[in-house]
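K.L.:
My structure file work15.csv, CSV, C-alpha atoms and all ligand atoms, is below:
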```csv
chain,number,residue,atom,x,y,z
A,14,MET,CA,107.7,80.1,97.4
A,15,THR,CA,108.1,80.9,101.1
A,16,VAL,CA,110.5,83.6,102.5
A,17,THR,CA,112.6,80.8,104.1
A,18,GLU,CA,112.8,78.9,100.8
A,19,HIS,CA,114.1,82.0,99.1
A,20,ILE,CA,116.7,82.4,101.8
A,21,LYS,CA,117.8,78.8,101.6
A,22,LEU,CA,118.2,78.9,97.8
A,23,ALA,CA,120.0,82.3,97.8
A,24,LYS,CA,123.7,82.5,96.8
A,25,ASP,CA,123.9,86.2,97.8
A,26,THR,CA,122.0,88.7,99.9
A,27,LEU,CA,118.4,89.1,98.7
A,28,ILE,CA,116.4,92.2,98.2
A,29,SER,CA,112.8,92.7,99.4
A,30,PHE,CA,110.4,95.7,99.6
A,31,GLU,CA,107.6,96.7,101.9
A,32,ILE,CA,104.7,98.8,100.6
A,33,LEU,CA,101.6,100.4,102.0
A,34,PRO,CA,98.2,100.0,100.4
A,35,PRO,CA,97.2,103.2,98.7
A,36,LEU,CA,94.8,105.6,100.4
A,37,LYS,CA,91.1,104.7,100.0
A,38,GLY,CA,89.8,105.9,96.6
A,39,LYS,CA,93.0,105.1,94.7
A,40,GLY,CA,93.3,102.2,92.3
A,41,ILE,CA,95.8,99.3,91.9
A,42,GLY,CA,97.6,101.5,89.4
A,43,ALA,CA,99.0,103.5,92.3
A,44,ILE,CA,100.7,100.3,93.5
A,45,TYR,CA,102.1,99.4,90.0
A,46,ASP,CA,103.3,103.0,89.5
A,47,HIS,CA,105.2,102.7,92.8
A,48,LEU,CA,106.6,99.2,92.2
A,49,ASP,CA,107.4,99.3,88.5
A,50,PRO,CA,110.7,101.2,89.0
A,51,LEU,CA,111.7,98.8,91.7
A,52,MET,CA,111.1,95.5,89.9
A,53,GLU,CA,114.4,95.6,87.9
A,54,PHE,CA,116.1,94.8,91.3
A,55,LYS,CA,114.2,91.4,91.3
A,56,PRO,CA,112.9,91.5,94.9
A,57,SER,CA,112.4,88.0,96.3
A,58,PHE,CA,109.2,89.1,98.0
A,59,ILE,CA,107.1,92.2,98.7
A,60,ASN,CA,105.5,92.8,102.0
A,61,VAL,CA,102.1,94.7,102.2
A,62,THR,CA,101.3,96.4,105.5
A,63,TYR,CA,97.9,96.2,107.2
A,64,HIS,CA,96.2,99.2,108.5
A,65,ARG,CA,93.4,99.0,111.1
A,66,SER,CA,90.5,101.4,111.1
A,67,GLU,CA,90.8,104.6,113.1
A,68,THR,CA,88.1,106.3,115.1
A,69,MET,CA,87.4,109.8,114.0
A,70,PHE,CA,84.9,112.5,115.2
A,71,LYS,CA,83.0,114.4,112.5
A,72,LYS,CA,81.2,117.6,113.3
A,73,LYS,CA,77.5,117.4,112.4
A,74,PRO,CA,75.5,120.5,111.2
A,75,ASP,CA,73.8,120.7,114.6
A,76,GLY,CA,77.3,121.1,116.2
A,77,ARG,CA,77.4,117.7,117.8
A,78,PHE,CA,80.1,115.2,117.0
A,79,GLU,CA,79.5,111.9,115.3
A,80,LYS,CA,82.0,109.0,116.0
A,81,ILE,CA,83.0,107.2,112.8
A,82,ASP,CA,85.4,104.3,112.0
A,83,VAL,CA,87.5,105.0,109.0
A,84,ARG,CA,89.9,102.6,107.3
A,85,LYS,CA,92.2,104.8,105.2
A,86,ARG,CA,94.2,102.1,103.6
A,87,PRO,CA,92.2,98.9,103.0
A,88,GLY,CA,93.0,96.2,100.5
A,89,THR,CA,96.1,94.3,101.9
A,90,VAL,CA,94.8,90.8,100.8
A,91,ALA,CA,93.7,91.9,97.3
A,92,ILE,CA,96.9,93.9,96.7
A,93,CYS,CA,99.0,90.7,97.5
A,94,ALA,CA,97.0,88.8,95.0
A,95,ALA,CA,97.4,91.5,92.4
A,96,ILE,CA,101.2,91.7,93.0
A,97,MET,CA,101.6,87.9,92.6
A,98,ASN,CA,99.6,87.9,89.4
A,99,HIS,CA,101.1,91.0,87.9
A,100,TYR,CA,104.7,90.6,88.7
A,101,ARG,CA,105.0,86.8,89.5
A,102,VAL,CA,106.7,87.8,92.8
A,103,ASP,CA,105.8,86.4,96.2
A,104,ALA,CA,103.7,88.7,98.4
A,105,VAL,CA,103.8,88.8,102.2
A,106,PRO,CA,100.6,90.2,103.7
A,107,HIS,CA,100.9,91.6,107.2
A,108,LEU,CA,98.2,90.3,109.6
A,109,ILE,CA,97.5,92.1,112.8
A,110,CYS,CA,95.6,91.3,116.0
A,111,GLY,CA,94.1,94.8,116.3
A,112,GLY,CA,90.6,95.1,115.0
A,113,PHE,CA,90.2,91.4,114.2
A,114,SER,CA,88.2,88.7,115.9
A,115,LYS,CA,89.7,85.1,115.7
A,116,ASN,CA,86.9,84.2,113.2
A,117,GLU,CA,87.8,87.2,111.0
A,118,THR,CA,91.4,86.2,111.2
A,119,GLU,CA,90.5,82.7,110.1
A,120,ASP,CA,88.5,84.0,107.2
A,121,ALA,CA,91.4,86.2,106.1
A,122,LEU,CA,93.8,83.2,106.2
A,123,ILE,CA,91.3,81.1,104.2
A,124,ASP,CA,91.2,83.9,101.6
A,125,LEU,CA,95.0,84.1,101.5
A,126,ASN,CA,95.3,80.3,101.2
A,127,PHE,CA,92.8,80.2,98.3
A,128,LEU,CA,94.8,82.9,96.6
A,129,GLY,CA,98.0,80.9,96.8
A,130,VAL,CA,99.8,83.2,99.3
A,131,ASP,CA,102.4,81.2,101.1
A,132,ASN,CA,103.7,83.8,103.6
A,133,VAL,CA,102.3,85.9,106.4
A,134,LEU,CA,104.0,88.4,108.8
A,135,VAL,CA,102.1,88.3,112.1
A,136,LEU,CA,102.0,91.3,114.3
A,137,ARG,CA,100.1,92.7,117.2
A,138,GLY,CA,99.5,96.2,115.7
A,139,ASP,CA,99.4,99.4,117.7
A,140,ALA,CA,96.7,101.2,119.5
A,141,PRO,CA,94.5,103.4,117.2
A,142,ARG,CA,96.0,106.9,116.8
A,143,ASN,CA,93.8,108.5,119.4
A,144,GLU,CA,94.1,105.8,122.1
A,145,THR,CA,97.0,105.2,124.4
A,146,PHE,CA,96.9,101.4,124.9
A,147,PHE,CA,96.4,98.5,122.6
A,148,ASP,CA,93.1,96.9,123.4
A,149,PRO,CA,92.4,93.5,121.8
A,150,GLU,CA,88.9,92.8,120.3
A,151,PRO,CA,86.7,90.9,122.8
A,152,ASP,CA,87.2,87.7,120.7
A,153,GLY,CA,90.6,88.7,119.3
A,154,HIS,CA,94.3,88.2,120.2
A,155,ALA,CA,96.2,90.4,122.7
A,156,TYR,CA,99.7,89.5,121.4
A,157,ALA,CA,101.3,88.5,118.1
A,158,ILE,CA,102.2,85.1,119.6
A,159,GLU,CA,98.4,84.2,120.0
A,160,LEU,CA,97.8,85.1,116.3
A,161,LEU,CA,100.9,83.1,115.4
A,162,LYS,CA,99.5,80.1,117.2
A,163,GLN,CA,96.2,80.4,115.3
A,164,VAL,CA,98.2,80.3,112.0
A,165,VAL,CA,100.2,77.3,113.2
A,166,ASN,CA,97.0,75.6,114.2
A,167,MET,CA,95.7,76.0,110.6
A,168,ASN,CA,99.0,74.7,109.3
A,169,ASN,CA,98.2,71.6,111.4
A,170,GLY,CA,94.6,71.4,110.0
A,171,ILE,CA,93.1,72.8,113.2
A,172,TYR,CA,90.4,75.5,112.5
A,173,LEU,CA,88.2,77.3,115.0
A,174,GLU,CA,85.3,75.1,114.2
A,175,GLU,CA,86.2,72.1,116.2
A,176,ASP,CA,84.0,69.5,114.5
A,177,LEU,CA,85.3,70.4,111.0
A,178,LYS,CA,86.2,67.0,109.4
A,179,GLY,CA,89.2,66.6,107.0
A,180,ALA,CA,90.1,70.2,107.0
A,181,LEU,CA,93.1,71.0,104.8
A,182,LYS,CA,96.4,72.0,106.4
A,183,THR,CA,97.5,75.4,105.2
A,184,LYS,CA,101.3,75.9,104.6
A,185,PHE,CA,101.9,79.5,105.7
A,186,CYS,CA,105.5,80.4,106.4
A,187,ILE,CA,105.3,82.8,109.4
A,188,GLY,CA,107.4,85.8,110.1
A,189,VAL,CA,107.4,88.0,113.1
A,190,ALA,CA,108.7,91.5,114.1
A,191,GLY,CA,111.9,92.1,116.2
A,192,TYR,CA,113.2,95.3,117.7
A,193,PRO,CA,117.0,95.9,117.8
A,194,GLU,CA,116.3,99.0,120.1
A,195,LYS,CA,113.6,97.2,122.1
A,196,HIS,CA,109.9,97.4,121.6
A,197,PHE,CA,108.7,100.6,123.3
A,198,GLU,CA,106.3,98.8,125.7
A,199,ALA,CA,108.8,96.2,126.9
A,200,PRO,CA,110.2,96.8,130.4
A,201,ASN,CA,113.7,95.9,129.3
A,202,MET,CA,115.6,94.2,126.4
A,203,PRO,CA,115.9,90.8,128.0
A,204,ALA,CA,112.1,90.7,128.6
A,205,ASP,CA,111.5,91.7,125.0
A,206,LEU,CA,113.9,89.1,123.7
A,207,ASN,CA,112.2,86.4,125.8
A,208,TYR,CA,108.9,87.2,124.2
A,209,LEU,CA,110.5,87.1,120.8
A,210,LYS,CA,112.0,83.7,121.7
A,211,ALA,CA,108.5,82.5,122.6
A,212,LYS,CA,107.3,83.5,119.2
A,213,VAL,CA,110.1,81.6,117.6
A,214,ASP,CA,109.5,78.5,119.8
A,215,ALA,CA,105.8,78.7,118.8
A,216,GLY,CA,106.7,78.5,115.1
A,217,ALA,CA,108.0,81.7,113.7
A,218,GLU,CA,110.4,81.0,110.9
A,219,TYR,CA,112.1,84.4,110.4
A,220,ILE,CA,112.2,87.8,111.9
A,221,ILE,CA,112.1,91.2,110.2
A,222,THR,CA,113.4,94.0,112.3
A,223,GLN,CA,112.2,97.5,113.0
A,224,MET,CA,114.2,100.1,111.1
A,225,PHE,CA,117.6,101.2,112.6
A,226,PHE,CA,120.2,103.6,111.5
A,227,ASP,CA,123.2,102.2,113.3
A,228,ASN,CA,124.3,98.7,112.2
A,229,GLN,CA,126.0,98.0,115.5
A,230,LYS,CA,122.5,98.0,117.1
A,231,TYR,CA,121.4,95.3,114.6
A,232,LEU,CA,124.5,93.2,115.1
A,233,ALA,CA,124.2,93.4,118.9
A,234,PHE,CA,120.6,92.4,118.6
A,235,VAL,CA,121.4,89.4,116.4
A,236,GLN,CA,124.1,88.3,118.9
A,237,LYS,CA,121.7,88.6,121.8
A,238,CYS,CA,119.1,86.5,119.9
A,239,ARG,CA,121.7,83.9,119.1
A,240,ASP,CA,122.8,83.8,122.7
A,241,ILE,CA,119.3,82.8,123.9
A,242,GLY,CA,118.9,80.2,121.1
A,243,ILE,CA,117.0,82.2,118.4
A,244,ASN,CA,118.6,80.7,115.3
A,245,ILE,CA,116.2,81.7,112.5
A,246,PRO,CA,117.1,84.4,109.9
A,247,ILE,CA,116.9,87.9,111.2
A,248,ILE,CA,116.2,90.3,108.2
A,249,PRO,CA,117.2,93.9,108.7
A,250,GLY,CA,114.4,96.4,108.0
A,251,LEU,CA,115.8,99.6,106.4
A,252,LYS,CA,114.4,103.0,105.7
A,253,PRO,CA,116.2,106.1,104.3
A,254,ILE,CA,115.6,109.5,105.8
A,255,THR,CA,114.2,111.8,103.2
A,256,ALA,CA,112.8,114.8,105.1
A,257,LYS,CA,114.1,117.0,107.9
A,258,LYS,CA,111.0,116.5,110.0
A,259,GLN,CA,111.8,112.8,110.2
A,260,LEU,CA,114.5,113.7,112.7
A,261,THR,CA,111.7,114.1,115.3
A,262,VAL,CA,108.9,112.0,113.7
A,263,ILE,CA,110.9,108.8,113.4
A,264,PRO,CA,112.1,108.6,117.0
A,265,ARG,CA,108.6,109.6,118.2
A,266,THR,CA,106.8,107.1,116.1
A,267,PHE,CA,109.2,104.1,116.0
A,268,TYR,CA,111.3,104.6,119.2
A,269,VAL,CA,114.6,104.4,117.4
A,270,ASP,CA,117.7,106.6,117.6
A,271,ILE,CA,119.2,108.6,114.8
A,272,PRO,CA,123.0,108.7,115.2
A,273,ALA,CA,124.5,112.2,115.7
A,274,GLU,CA,126.6,111.9,112.6
A,275,LEU,CA,123.5,111.4,110.4
A,276,ALA,CA,121.3,113.9,112.3
A,277,ASP,CA,124.0,116.6,112.1
A,278,GLU,CA,124.3,116.2,108.3
A,279,VAL,CA,120.5,116.4,108.0
A,280,VAL,CA,120.3,119.5,110.1
A,281,LYS,CA,122.7,121.3,107.7
A,282,CYS,CA,120.5,120.6,104.7
A,283,LYS,CA,118.5,123.5,103.2
A,284,THR,CA,115.9,121.4,101.3
A,285,ASP,CA,114.4,118.0,101.5
A,286,ASP,CA,116.1,117.1,98.3
A,287,GLU,CA,119.4,117.6,100.1
A,288,VAL,CA,118.1,115.6,103.0
A,289,ALA,CA,117.2,112.7,100.6
A,290,ALA,CA,120.7,112.8,99.2
A,291,VAL,CA,122.2,112.5,102.7
A,292,GLY,CA,119.7,109.8,103.6
A,293,THR,CA,120.5,107.9,100.4
A,294,GLU,CA,124.3,108.0,101.1
A,295,TRP,CA,123.7,106.8,104.6
A,296,MET,CA,121.5,104.0,103.5
A,297,ILE,CA,123.9,102.9,100.8
A,298,ALA,CA,126.7,102.7,103.4
A,299,GLN,CA,124.5,100.8,105.9
A,300,SER,CA,123.4,98.4,103.2
A,301,ARG,CA,126.9,97.7,101.9
A,302,GLU,CA,128.1,97.0,105.4
A,303,LEU,CA,125.1,94.7,106.2
A,304,LYS,CA,125.8,92.9,103.0
A,305,LYS,CA,129.4,92.4,104.0
A,306,PHE,CA,128.1,90.9,107.3
A,307,GLY,CA,126.2,88.4,105.2
A,308,VAL,CA,122.6,89.3,106.2
A,309,PRO,CA,120.1,87.1,104.4
A,310,VAL,CA,117.9,89.9,103.0
A,311,LEU,CA,118.0,93.7,102.8
A,312,HIS,CA,114.4,94.6,103.4
A,313,TYR,CA,113.5,98.2,102.4
A,314,TYR,CA,110.5,100.1,103.8
A,315,THR,CA,109.7,102.0,100.6
A,316,LEU,CA,106.8,104.2,102.0
A,317,GLY,CA,106.2,106.1,98.8
A,318,LYS,CA,109.9,106.7,98.2
A,319,ALA,CA,110.5,104.3,95.3
A,320,SER,CA,113.1,106.5,93.6
A,321,VAL,CA,115.2,106.9,96.7
A,322,ILE,CA,115.1,103.1,97.3
A,323,ALA,CA,116.0,102.5,93.7
A,324,ASN,CA,119.1,104.7,94.0
A,325,VAL,CA,120.2,102.8,97.1
A,326,VAL,CA,119.7,99.4,95.6
A,327,LYS,CA,121.4,100.4,92.3
A,328,ALA,CA,124.5,101.6,94.3
A,329,ILE,CA,124.9,98.3,96.2
A,401,LIG,C1,108.7,94.6,110.4
A,401,LIG,C2,107.5,95.3,111.0
A,401,LIG,C3,106.3,95.4,110.3
A,401,LIG,C4,105.2,96.0,110.8
A,401,LIG,N1,104.0,96.0,110.1
A,401,LIG,C5,102.9,96.5,110.7
A,401,LIG,C6,101.6,96.6,110.0
A,401,LIG,O1,101.5,96.2,108.8
A,401,LIG,N2,100.5,97.1,110.6
A,401,LIG,C7,100.6,97.5,111.9
A,401,LIG,O2,99.5,98.0,112.4
A,401,LIG,N3,101.7,97.5,112.6
A,401,LIG,C8,102.9,97.0,112.0
A,401,LIG,N4,104.1,97.0,112.7
A,401,LIG,C9,104.1,97.6,114.1
A,401,LIG,C10,103.7,96.6,115.2
A,401,LIG,O3,102.4,96.2,115.0
A,401,LIG,C11,103.9,97.3,116.5
A,401,LIG,O4,105.3,97.5,116.8
A,401,LIG,C12,103.3,96.7,117.7
A,401,LIG,O5,103.3,97.6,118.8
A,401,LIG,C13,104.0,95.4,118.2
A,401,LIG,O6,103.8,94.4,117.4
A,401,LIG,P1,104.5,93.0,117.7
A,401,LIG,O7,104.0,92.0,116.7
A,401,LIG,O8,106.0,93.1,117.8
A,401,LIG,O9,103.8,92.6,119.1
A,401,LIG,P2,104.1,91.5,120.2
A,401,LIG,O10,105.1,90.5,119.8
A,401,LIG,O11,102.8,91.0,120.6
A,401,LIG,O12,104.8,92.4,121.4
A,401,LIG,C14,104.1,93.6,121.8
A,401,LIG,C15,104.7,94.0,123.2
A,401,LIG,O13,104.2,93.1,124.2
A,401,LIG,C16,105.3,92.4,124.8
A,401,LIG,N5,104.8,91.0,124.8
A,401,LIG,C17,104.8,90.1,123.9
A,401,LIG,N6,104.2,88.9,124.3
A,401,LIG,C18,103.8,89.2,125.6
A,401,LIG,C19,103.1,88.4,126.6
A,401,LIG,N7,102.8,87.2,126.4
A,401,LIG,N8,102.9,89.0,127.8
A,401,LIG,C20,103.3,90.3,128.0
A,401,LIG,N9,104.0,91.1,127.1
A,401,LIG,C21,104.2,90.5,125.9
A,401,LIG,C22,106.5,92.6,123.9
A,401,LIG,O14,107.7,92.6,124.6
A,401,LIG,C23,106.2,94.0,123.3
A,401,LIG,O15,106.6,95.0,124.2
A,401,LIG,C24,105.2,96.5,112.2
A,401,LIG,C25,106.4,96.4,112.9
A,401,LIG,C26,107.6,95.8,112.3
A,401,LIG,C27,108.8,95.7,113.1
```
Can the structure in the file be given as structure tokens, please?

P.N.:
Amino acid sequence: MTVTEHIKLAKDTLISFEILPPLKGKGIGAIYDHLDPLMEFKPSFINVTYHRSETMFKKKPDGRFEKIDVRKRPGTVAICAAIMNHYRVDAVPHLICGGFSKNETEDALIDLNFLGVDNVLVLRGDAPRNETFFDPEPDGHAYAIELLKQVVNMNNGIYLEEDLKGALKTKFCIGVAGYPEKHFEAPNMPADLNYLKAKVDAGAEYIITQMFFDNQKYLAFVQKCRDIGINIPIIPGLKPITAKKQLTVIPRTFYVDIPAELADEVVKCKTDDEVAAVGTEWMIAQSRELKKFGVPVLHYYTLGKASVIANVVKAI
């Protein structure tokens, strides 16, 4: 089923989770160990992130450095298939522009279609860790909207090979990312919202937001979206704070604010267990309030913290 079908049929706020593929060398058991404790909450869908390769420099015995490309977390497509078979739950693979040519994207979409995956979340991706700016592949996409249009084309039976006859239409339900506190590269909020609106006009069917810790920011974002005619579901993305160092890492990595009230409580903690307790309480309060607002889905970034997420979902 598609994400939007789940939302249409829902009588209450739904739950969904987002997971990372395990580090290279680990088996699918790592995913099952992570998800097993969360399955009692009957997630409607599970997102699986995509991680592009990173360029690293390895010192050779002669002292010179060798440049190597390393993908630390491969396996998104296969993990989606495994989740769907093992748990009978819909999986949503993330697809990114970075590191992909249009042909490679088409091949990935063909694989997903063969596997019976109905959903994709299309994203641009970030620049590799040691580069400042996002550079598309020579034959790749520069923005998420271009990738989205490629998926829409396939949904209309239009593949890259122009003289393909009688090509089947895929049926992907397409989600995109939205940023309640603005994407860090956008010059201003109205410009970012206009690009988001363009993704919606091009065929996006729902939005999942970047994490936020202040519900007022999400509500203001939803209102701004509605004001410019974005009427699709806007799913809040949520992540509990579980370690003190996240007070600096989260703003630096995701360009979001941590409210003073939460930050002050975290600073007082002596251990990360205490931080996780504070983060859990905050996330429970945030989730309850969002549920009261009638959000379609509470989408949790689980990021290896299944027990914390389980405590949050149990409490709401
Ligand atoms: C829910 C969620 C899931 C994510 N999952 C992943 C993942 O699995 N893997 C991963 O690598 N990253 C992931 N990301 C991170 C994401 O890839 C980055 O935030 C990236 O920098 C932007 O992606 P986007 O799809 O929002 O890009 P876009 O929509 O392409 O926007 C990127 C920037 O360009 C601007 N822009 C858009 N269109 C145009 C245009 N036509 N001309 C000029 N400017 C334009 C926007 O305002 C924005 O500032 C995720 C983010 C979210 C919120």

K.L.:
Which residues are close to range 48-64 of chain A, i.e. within 7 Å by all atoms listed in the file, leaving aside same-chain residues fewer than 3 positions away? Reply as a list in words.

P.N.:
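That gives His19, Leu27, Ile28, Ser29, Phe30, Glu31, Ile32, Leu33, Pro34, Ile44, Tyr45, Arg86, Pro87, Thr89, Cys93, Val102, Asp103, Ala104, Val105, Pro106, His107, Leu108, Ile109, Ala319 and Ala323 of chain A.
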
K.L.:
Taking all atoms listed in the file and a cut-off of 7 Å, can you tell me which residues surround ligand LIG 401 (chain A), written as an MDAnalysis selection string?

P.N.:
chainID A and resid 61:65 107:109 135:139 155:158 189:192 196:199 204:205 208:209 221:223 250

K.L.:
Choose the residue, out of A:Asn228, A:Val130, A:Asn116, A:Asn166, that has the smallest atom-to-atom separation from Gly153 in chain A; count all atoms listed in the file.

P.N.:
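So, comparing all the options, the nearest one is A:Asn116.
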
K.L.:
At a cut-off of 10 Å, using only C-alpha atoms, what residues contact Val326 in chain A? Leave out same-chain residues fewer than 3 positions from it and give the result as a list in words.

P.N.:
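Neighbouring residues, sequence-local ones excluded: Ile28, Leu51, Phe54, Thr293, Met296, Ile297, Ser300, Arg301, Leu311, Tyr313, Ser320, Val321, Ile322, Ala323 and Ile329 of chain A.
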
K.L.:
Grab the residues selected above and save them as a JSON list (two decimals), keeping the file's coordinate frame with C-alpha atoms.

P.N.:
```
[["chain", "number", "residue", "atom", "x", "y", "z"],
["A", 28, "ILE", "CA", 116.40, 92.20, 98.20],
["A", 51, "LEU", "CA", 111.70, 98.80, 91.70],
["A", 54, "PHE", "CA", 116.10, 94.80, 91.30],
["A", 293, "THR", "CA", 120.50, 107.90, 100.40],
["A", 296, "MET", "CA", 121.50, 104.00, 103.50],
["A", 297, "ILE", "CA", 123.90, 102.90, 100.80],
["A", 300, "SER", "CA", 123.40, 98.40, 103.20],
["A", 301, "ARG", "CA", 126.90, 97.70, 101.90],
["A", 311, "LEU", "CA", 118.00, 93.70, 102.80],
["A", 313, "TYR", "CA", 113.50, 98.20, 102.40],
["A", 320, "SER", "CA", 113.10, 106.50, 93.60],
["A", 321, "VAL", "CA", 115.20, 106.90, 96.70],
["A", 322, "ILE", "CA", 115.10, 103.10, 97.30],
["A", 323, "ALA", "CA", 116.00, 102.50, 93.70],
["A", 329, "ILE", "CA", 124.90, 98.30, 96.20]]
```

K.L.:
Pick out the residues sitting within 12 Å of Lys195 in chain A, and hand them over as number ranges by chain; count all atoms listed in the file, and ignore anything fewer than 5 positions along from it in its own chain.

P.N.:
A: 190, 200-209, 222-225, 230-231, 233-234, 237, 267-270

K.L.:
Nearest residue to Ile254 in chain A out of A:Glu119, A:Glu278, A:Asp176, A:Asp46, using only C-alpha atoms?

P.N.:
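Looking only at the distances to Ile254 in chain A, the closest residue turns out to be A:Glu278.
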
K.L.:
Which of these residues is nearest to Pro193 in chain A, using all atoms listed in the file: A:Ile81, A:Ile20, A:Leu232, A:Ala289?

P.N.:
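Under the stated criterion, the closest residue is A:Leu232.
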
K.L.:
Can you work out the spacing between CA of Glu218 in chain A and CA of Asn98 in chain A in Å, to one decimal?

P.N.:
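Result for CA of Glu218 in chain A versus CA of Asn98 in chain A: 25.0 Å, one decimal.
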
K.L.:
Find the residues with any atom within 12 Å of (91.1, 74.3, 112.5); use all atoms listed in the file and the coordinates as given in the file, and write the answer as an NGL selection string.

P.N.:
:A and (115-116 or 118-120 or 122-123 or 162-183)

K.L.:
As an exercise, work out the distance from CA of Thr255 in chain A to CA of Glu67 in chain A in Å and give it to one decimal place.

P.N.:
26.4 Å

K.L.:
Could you work out how far CA of Asn132 in chain A lies from CA of Ala211 in chain A, giving the answer in Å with one decimal?

P.N.:
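Taking CA of Ala211 in chain A and CA of Asn132 in chain A, their separation equals 19.6 Å.
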
K.L.:
Pick the closest to Ala217 in chain A from A:Glu159, A:Glu194, A:Glu117, A:Asp240: which is it, counting only C-alpha atoms?

P.N.:
A:Glu159

K.L.:
Go through A:Ile187, A:Ile92, A:Ala140, A:Leu134 and flag the residue nearest Ala215 in chain A, using all atoms listed in the file for the distances.

P.N.:
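Under the stated criterion, the closest residue is A:Ile187.
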
K.L.:
Can you tell me, as a compact mmCIF listing (two decimals) with C-alpha atoms, keeping the file's coordinate frame, what residues are no more than 10 Å from Lys257 in chain A when counting only C-alpha atoms, ignoring any on the same chain fewer than 2 positions away?

P.N.:
```txt
# COMPACT_ATOMS: atom_id res chain seq x y z
CA ILE A 254 115.60 109.50 105.80
CA THR A 255 114.20 111.80 103.20
CA GLN A 259 111.80 112.80 110.20
CA LEU A 260 114.50 113.70 112.70
CA THR A 261 111.70 114.10 115.30
CA VAL A 262 108.90 112.00 113.70
CA ALA A 276 121.30 113.90 112.30
CA VAL A 279 120.50 116.40 108.00
CA VAL A 280 120.30 119.50 110.10
CA LYS A 281 122.70 121.30 107.70
CA CYS A 282 120.50 120.60 104.70
CA LYS A 283 118.50 123.50 103.20
CA THR A 284 115.90 121.40 101.30
CA ASP A 285 114.40 118.00 101.50
CA ASP A 286 116.10 117.10 98.30
CA GLU A 287 119.40 117.60 100.10
CA VAL A 288 118.10 115.60 103.00
CA ALA A 289 117.20 112.70 100.60
```

K.L.:
So which one's closest to Gly129 in chain A, A:Leu251, A:Cys110, A:Ala91, A:Ile241? Using only C-alpha atoms, please.

P.N.:
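Of A:Leu251, A:Cys110, A:Ala91, A:Ile241, the one nearest Gly129 in chain A, counting only C-alpha atoms, is A:Ala91.
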
K.L.:
Write out as a CSV table (one decimal) with C-alpha atoms, in the coordinates of the input which residues come within 7 Å of Val83 in chain A when counting only C-alpha atoms, dropping same-chain ones fewer than 5 positions away.

P.N.:
```csv
chain,number,residue,atom,x,y,z
A,66,SER,CA,90.5,101.4,111.1
A,67,GLU,CA,90.8,104.6,113.1
A,68,THR,CA,88.1,106.3,115.1
A,69,MET,CA,87.4,109.8,114.0
```
